[in-house]
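Next comes upload-v7.cif, a file with mmCIF, C-alpha atoms.
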```
data_my_file
loop_
_atom_site.group_PDB
_atom_site.id
_atom_site.type_symbol
_atom_site.label_atom_id
_atom_site.label_comp_id
_atom_site.auth_asym_id
_atom_site.auth_seq_id
_atom_site.Cartn_x
_atom_site.Cartn_y
_atom_site.Cartn_z
ATOM 1 C CA MET A 1 -2.621 93.000 -2.372
ATOM 2 C CA THR A 2 -2.782 96.685 -1.520
ATOM 3 C CA THR A 3 -3.827 96.606 2.145
ATOM 4 C CA LEU A 4 -3.329 94.311 5.098
ATOM 5 C CA GLY A 5 -4.973 96.378 7.787
ATOM 6 C CA VAL A 6 -2.274 98.957 7.004
ATOM 7 C CA SER A 7 -1.014 100.313 3.725
ATOM 8 C CA SER A 8 1.468 98.011 1.996
ATOM 9 C CA GLY A 9 3.331 97.883 -1.278
ATOM 10 C CA GLY A 10 5.201 101.130 -0.700
ATOM 11 C CA ASP A 11 8.834 102.142 -0.945
ATOM 12 C CA PRO A 12 10.751 100.644 2.026
ATOM 13 C CA SER A 13 12.979 103.725 2.287
ATOM 14 C CA GLN A 14 9.878 105.815 3.077
ATOM 15 C CA TRP A 15 8.724 103.664 5.985
ATOM 16 C CA HIS A 16 9.250 104.634 9.614
ATOM 17 C CA GLY A 17 11.645 102.577 11.712
ATOM 18 C CA ALA A 18 13.537 102.799 14.988
ATOM 19 C CA PHE A 19 16.977 103.908 13.773
ATOM 20 C CA ASP A 20 18.508 107.398 13.801
ATOM 21 C CA CYS A 21 21.484 108.563 11.737
ATOM 22 C CA ALA A 22 24.122 110.309 13.842
ATOM 23 C CA ALA A 23 25.514 112.152 10.810
ATOM 24 C CA CYS A 24 22.567 113.681 8.934
ATOM 25 C CA GLY A 25 20.213 113.707 11.919
ATOM 26 C CA ARG A 26 17.367 111.887 10.209
ATOM 27 C CA LYS A 27 15.279 109.945 12.698
ATOM 28 C CA ARG A 28 12.984 106.904 12.714
ATOM 29 C CA LEU A 29 14.631 105.400 9.656
ATOM 30 C CA PRO A 30 14.031 101.772 8.645
ATOM 31 C CA ALA A 31 16.824 99.217 8.889
ATOM 32 C CA VAL A 32 17.099 99.088 5.091
ATOM 33 C CA GLU A 33 18.712 102.569 5.227
ATOM 34 C CA PHE A 34 21.677 101.143 7.175
ATOM 35 C CA SER A 35 24.234 98.424 6.592
ATOM 36 C CA ALA A 36 23.654 95.073 8.272
ATOM 37 C CA ASN A 37 26.790 95.680 10.350
ATOM 38 C CA ALA A 38 25.479 99.030 11.609
ATOM 39 C CA VAL A 39 22.114 97.519 12.538
ATOM 40 C CA SER A 40 23.850 94.681 14.363
ATOM 41 C CA LYS A 41 25.994 97.115 16.371
ATOM 42 C CA LYS A 42 22.944 99.195 17.291
ATOM 43 C CA ARG A 43 21.057 96.162 18.520
ATOM 44 C CA ALA A 44 24.037 95.067 20.611
ATOM 45 C CA ASP A 45 24.397 98.558 22.117
ATOM 46 C CA ALA A 46 21.338 100.826 22.080
ATOM 47 C CA GLY A 47 23.558 103.836 22.769
ATOM 48 C CA LYS A 48 25.763 103.195 19.759
ATOM 49 C CA GLU A 49 25.697 105.971 17.167
ATOM 50 C CA ILE A 50 25.412 104.747 13.580
ATOM 51 C CA ARG A 51 25.372 106.383 10.166
ATOM 52 C CA CYS A 52 23.039 105.632 7.282
ATOM 53 C CA LYS A 53 24.391 104.246 4.016
ATOM 54 C CA ALA A 54 24.244 107.620 2.288
ATOM 55 C CA CYS A 55 26.255 109.369 5.022
ATOM 56 C CA THR A 56 28.757 106.519 5.196
ATOM 57 C CA GLN A 57 29.372 106.815 1.463
ATOM 58 C CA LYS A 58 29.773 110.602 1.675
ATOM 59 C CA ALA A 59 32.251 110.235 4.542
ATOM 60 C CA ALA A 60 34.292 107.718 2.564
ATOM 61 C CA GLU A 61 34.390 110.029 -0.450
ATOM 62 C CA ALA A 62 35.442 112.973 1.717
ATOM 63 C CA GLU A 63 38.165 110.902 3.379
ATOM 64 C CA ARG A 64 39.507 109.798 0.002
ATOM 65 C CA ALA A 65 39.543 113.383 -1.289
ATOM 66 C CA LEU A 66 41.339 114.584 1.838
ATOM 67 C CA ALA A 67 43.953 111.841 1.499
ATOM 68 C CA ALA A 68 44.561 112.829 -2.113
ATOM 69 C CA GLU A 69 44.996 116.502 -1.205
ATOM 70 C CA THR A 70 47.337 115.585 1.658
ATOM 71 C CA ALA A 71 49.467 113.513 -0.698
ATOM 72 C CA LYS A 72 49.707 116.434 -3.146
ATOM 73 C CA LEU A 73 50.799 118.822 -0.396
ATOM 74 C CA ARG A 74 53.490 116.434 0.757
ATOM 75 C CA VAL A 75 54.837 116.160 -2.759
ATOM 76 C CA VAL A 76 54.974 119.950 -3.090
ATOM 77 C CA GLU A 77 56.608 120.407 0.316
ATOM 78 C CA GLY A 78 59.101 117.632 -0.333
ATOM 79 C CA GLY A 79 60.236 119.136 -3.606
ATOM 80 C CA ASP A 80 62.837 117.116 -5.478
ATOM 81 C CA ASP A 81 64.480 115.699 -2.365
ATOM 82 C CA ALA A 82 65.269 112.202 -3.555
ATOM 83 C CA ASP A 83 66.870 111.271 -0.223
ATOM 84 C CA THR A 84 63.480 111.222 1.526
ATOM 85 C CA PRO A 85 62.027 107.721 1.190
ATOM 86 C CA THR A 86 58.294 107.359 0.580
ATOM 87 C CA ALA A 87 56.526 104.497 2.326
ATOM 88 C CA THR A 88 54.602 102.321 -0.089
ATOM 89 C CA HIS A 89 52.326 99.325 0.293
ATOM 90 C CA GLU A 90 50.822 96.796 -2.059
ATOM 91 C CA CYS A 91 47.023 96.585 -2.295
ATOM 92 C CA ALA A 92 45.762 93.028 -1.863
ATOM 93 C CA ALA A 93 42.917 93.709 -4.313
ATOM 94 C CA CYS A 94 44.346 95.650 -7.251
ATOM 95 C CA LYS A 95 47.979 94.614 -6.593
ATOM 96 C CA ARG A 96 49.208 98.148 -7.170
ATOM 97 C CA VAL A 97 52.056 99.467 -5.027
ATOM 98 C CA ARG A 98 50.744 102.722 -3.610
ATOM 99 C CA PRO A 99 51.823 105.357 -1.058
ATOM 100 C CA ALA A 100 50.629 105.048 2.531
ATOM 101 C CA ASP A 101 48.163 107.912 2.000
ATOM 102 C CA ALA A 102 46.216 105.693 -0.378
ATOM 103 C CA PHE A 103 45.316 103.393 2.535
ATOM 104 C CA SER A 104 43.280 104.000 5.671
ATOM 105 C CA ASN A 105 45.006 103.605 9.031
ATOM 106 C CA LYS A 106 42.694 100.695 9.794
ATOM 107 C CA GLN A 107 43.830 98.795 6.717
ATOM 108 C CA LEU A 108 47.520 99.390 7.433
ATOM 109 C CA LYS A 109 47.408 98.645 11.161
ATOM 110 C CA GLN A 110 44.760 95.927 11.441
ATOM 111 C CA LYS A 111 45.038 94.126 8.114
ATOM 112 C CA GLY A 112 48.725 94.400 7.318
ATOM 113 C CA PRO A 113 50.726 93.128 4.325
ATOM 114 C CA GLY A 114 48.905 90.709 2.074
ATOM 115 C CA LYS A 115 45.458 91.730 3.339
ATOM 116 C CA GLN A 116 45.390 95.520 3.246
ATOM 117 C CA LYS A 117 43.356 97.231 0.537
ATOM 118 C CA CYS A 118 43.652 100.773 -0.764
ATOM 119 C CA ARG A 119 40.846 103.264 -0.234
ATOM 120 C CA GLU A 120 39.646 103.005 -3.838
ATOM 121 C CA CYS A 121 39.303 99.231 -3.653
ATOM 122 C CA CYS A 122 37.587 99.418 -0.258
ATOM 123 C CA ASP A 123 35.093 101.987 -1.546
ATOM 124 C CA ALA A 124 34.464 99.943 -4.684
ATOM 125 C CA ALA A 125 33.877 96.801 -2.628
ATOM 126 C CA ASP A 126 31.512 98.607 -0.248
ATOM 127 C CA ALA A 127 29.563 100.091 -3.148
ATOM 128 C CA SER A 128 29.339 96.690 -4.830
ATOM 129 C CA ASP A 129 28.144 94.984 -1.640
ATOM 130 C CA ALA A 130 25.558 97.689 -0.995
ATOM 131 C CA SER A 131 24.319 97.501 -4.581
ATOM 132 C CA ALA A 132 24.050 93.709 -4.435
ATOM 133 C CA ALA A 133 22.241 93.829 -1.099
ATOM 134 C CA THR A 134 19.781 96.438 -2.375
ATOM 135 C CA ALA A 135 19.130 94.454 -5.558
ATOM 136 C CA SER A 136 18.551 91.287 -3.523
ATOM 137 C CA VAL A 137 16.080 93.016 -1.211
ATOM 138 C CA GLU A 138 14.222 94.612 -4.109
ATOM 139 C CA ALA A 139 14.005 91.278 -5.942
ATOM 140 C CA ARG A 140 12.673 89.458 -2.857
ATOM 141 C CA LEU A 141 10.120 92.181 -2.181
ATOM 142 C CA THR A 142 9.000 92.222 -5.816
ATOM 143 C CA ARG A 143 8.510 88.443 -5.834
ATOM 144 C CA ALA A 144 6.591 88.576 -2.552
ATOM 145 C CA ARG A 145 4.296 91.313 -3.816
ATOM 146 C CA GLU A 146 3.682 89.491 -7.095
ATOM 147 C CA ALA A 147 2.828 86.338 -5.181
ATOM 148 C CA SER A 148 0.431 88.281 -2.951
ATOM 149 C CA ALA A 149 -1.261 89.883 -5.938
ATOM 150 C CA THR A 150 -1.695 86.490 -7.586
ATOM 151 C CA ALA A 151 -3.037 84.939 -4.394
ATOM 152 C CA GLU A 152 -5.564 87.732 -3.970
ATOM 153 C CA ARG A 153 -6.645 87.611 -7.625
ATOM 154 C CA THR A 154 -7.135 83.847 -7.628
ATOM 155 C CA ASN A 155 -8.387 83.646 -4.051
ATOM 156 C CA ALA A 156 -5.766 80.956 -3.385
ATOM 157 C CA SER A 157 -6.353 78.670 -0.430
ATOM 158 C CA ASN A 158 -2.961 79.628 1.030
ATOM 159 C CA LYS A 159 -3.304 83.347 0.479
ATOM 160 C CA LEU A 160 -3.010 84.174 4.188
ATOM 161 C CA ALA A 161 0.386 82.462 4.289
ATOM 162 C CA VAL A 162 1.423 84.329 1.133
ATOM 163 C CA PHE A 163 0.302 87.648 2.598
ATOM 164 C CA ALA A 164 2.151 86.824 5.812
ATOM 165 C CA ARG A 165 5.393 86.222 3.907
ATOM 166 C CA GLU A 166 5.153 89.649 2.282
ATOM 167 C CA ALA A 167 4.376 91.293 5.631
ATOM 168 C CA ALA A 168 7.302 89.471 7.277
ATOM 169 C CA LEU A 169 9.689 90.686 4.582
ATOM 170 C CA GLU A 170 8.474 94.267 4.927
ATOM 171 C CA ALA A 171 8.911 94.023 8.702
ATOM 172 C CA GLU A 172 12.465 92.722 8.192
ATOM 173 C CA LEU A 173 13.315 95.761 6.053
ATOM 174 C CA VAL A 174 12.022 98.090 8.776
ATOM 175 C CA THR A 175 13.384 96.360 11.885
ATOM 176 C CA GLY A 176 16.406 94.495 10.516
ATOM 177 C CA LEU A 177 15.163 91.324 12.216
ATOM 178 C CA LYS A 178 14.625 88.182 10.191
ATOM 179 C CA PRO A 179 11.385 86.286 10.847
ATOM 180 C CA LYS A 180 11.660 83.079 12.850
ATOM 181 C CA ARG A 181 9.650 79.989 12.096
ATOM 182 C CA ILE A 182 8.032 78.482 15.183
ATOM 183 C CA HIS A 183 7.906 74.714 14.854
ATOM 184 C CA GLY A 184 5.136 72.796 16.556
ATOM 185 C CA GLY A 185 6.033 69.953 18.856
ATOM 186 C CA ARG A 186 4.936 66.339 18.575
ATOM 187 C CA GLY A 187 2.391 66.712 21.309
ATOM 188 C CA ARG A 188 2.183 67.395 25.005
ATOM 189 C CA GLY A 189 1.923 65.139 27.979
ATOM 190 C CA ARG A 190 1.481 61.370 27.886
ATOM 191 C CA GLY A 191 -1.605 61.414 25.761
ATOM 192 C CA GLY A 192 0.357 61.072 22.530
ATOM 193 C CA ARG A 193 0.674 63.419 19.590
ATOM 194 C CA GLY A 194 -1.497 66.477 19.897
ATOM 195 C CA ALA A 195 -2.926 65.352 23.224
ATOM 196 C CA THR A 196 -4.156 67.859 25.782
ATOM 197 C CA PRO A 197 -3.893 66.116 29.180
ATOM 198 C CA ASN A 198 -6.195 68.547 30.988
ATOM 199 C CA SER A 199 -9.042 68.229 28.503
ATOM 200 C CA ALA A 200 -11.663 65.562 28.115
ATOM 201 C CA ILE A 201 -10.190 64.648 24.746
ATOM 202 C CA GLY A 202 -6.664 64.374 26.175
ATOM 203 C CA ARG A 203 -7.853 62.133 29.002
ATOM 204 C CA GLY A 204 -9.680 59.856 26.651
ATOM 205 C CA ALA A 205 -13.104 61.332 27.531
ATOM 206 C CA ARG A 206 -13.537 59.159 30.606
#
```
Would you mind writing the structure in this file as structure tokens?
Amino acid sequence: MTTLGVSSGGDPSQWHGAFDCAACGRKRLPAVEFSANAVSKKRADAGKEIRCKACTQKAAEAERALAAETAKLRVVEGGDDADTPTATHECAACKRVRPADAFSNKQLKQKGPGKQKCRECCDAADASDASAATASVEARLTRAREASATAERTNASNKLAVFAREAALEAELVTGLKPKRIHGGRGRGRGGRGATPNSAIGRGAR
């Protein structure tokens, strides 16, 4: 399926959405450009500034580089003074005992011993999660588009439902909102299942 009233089958990152990145200034980005946590925060507070995945990754890399440079300067300034103790902490992920500069303040203050992770492990985990999420989205979209193409080619009886599933997935990538299934009830009024009390059929055609 190539069209559904509008062009479909394109790259989700090129679609227009309702999210702006406070770091790079790009506007009208789709939800797929942001983490699920960022989208959730934006929906809870429309005035909340969020950063796209690319800017978040760049900021993390810059923070790690700054921490490394700061650690080097402290070593140089400290010289060979063995009487000055250096605070160290164990990373809950890699189990290495590392200096405080290797951890973010958030990890040291909010997580604490046994749960805190060094910057490298945090960055690696974030990159892994983002990669897995992207792969999952791409796989779902590929399957939906293949199903739509098959339905169109074979003129399947349920092709409208198949097309709708693809459209719903594309909408989810743009808005960040998952589609909701609306379940029908077991009928209305006292006329039994499917009855319409105010119609001739619902009243028993008296």
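Shortest separation to A:Ala147 among A:Ala164, A:Ile50, A:Ala18, A:Leu73 occurs at residue A:Ala164, atoms counted being all atoms listed in the file.
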Query raised in the report: Could you write out as a PyMOL selection string the residues that the PyMOL selection byres ((chain A and resi 114) around 8) matches in the shown file?
Result: chain A and resi 90-92+111-113+115-116
Query raised in the report: Using only C-alpha atoms, what residues lie at most 10 Å away from (6.3, 90.8, 2.5) (file coordinates), given as a PyMOL selection string?
Result: chain A and resi 8-9+140-145+147-148+162-173
With C-alpha atoms kept, could you save the residues just selected as a tab-separated table (two decimals), in the coordinates of the input?
```
chain	number	residue	atom	x	y	z
A	8	SER	CA	1.47	98.01	2.00
A	9	GLY	CA	3.33	97.88	-1.28
A	140	ARG	CA	12.67	89.46	-2.86
A	141	LEU	CA	10.12	92.18	-2.18
A	142	THR	CA	9.00	92.22	-5.82
A	143	ARG	CA	8.51	88.44	-5.83
A	144	ALA	CA	6.59	88.58	-2.55
A	145	ARG	CA	4.30	91.31	-3.82
A	147	ALA	CA	2.83	86.34	-5.18
A	148	SER	CA	0.43	88.28	-2.95
A	162	VAL	CA	1.42	84.33	1.13
A	163	PHE	CA	0.30	87.65	2.60
A	164	ALA	CA	2.15	86.82	5.81
A	165	ARG	CA	5.39	86.22	3.91
A	166	GLU	CA	5.15	89.65	2.28
A	167	ALA	CA	4.38	91.29	5.63
A	168	ALA	CA	7.30	89.47	7.28
A	169	LEU	CA	9.69	90.69	4.58
A	170	GLU	CA	8.47	94.27	4.93
A	171	ALA	CA	8.91	94.02	8.70
A	172	GLU	CA	12.46	92.72	8.19
A	173	LEU	CA	13.32	95.76	6.05
```
Enclose stretch 35-46 of chain A, meaning all of its atoms listed in the file, in a box aligned along x, y and z, pad it by 3 Å on each side, and list the centre and edge lengths in Å to one decimal, as AutoDock Vina command-line options.
```
--center_x 23.9 --center_y 97.8 --center_z 14.4 --size_x 11.7 --size_y 12.1 --size_z 21.5
```
Query raised in the report: Hey, what comes out of the PyMOL selection byres ((chain A and resi 126) around 12) on this file? Could you write it as a count of residues only?
Result: 23
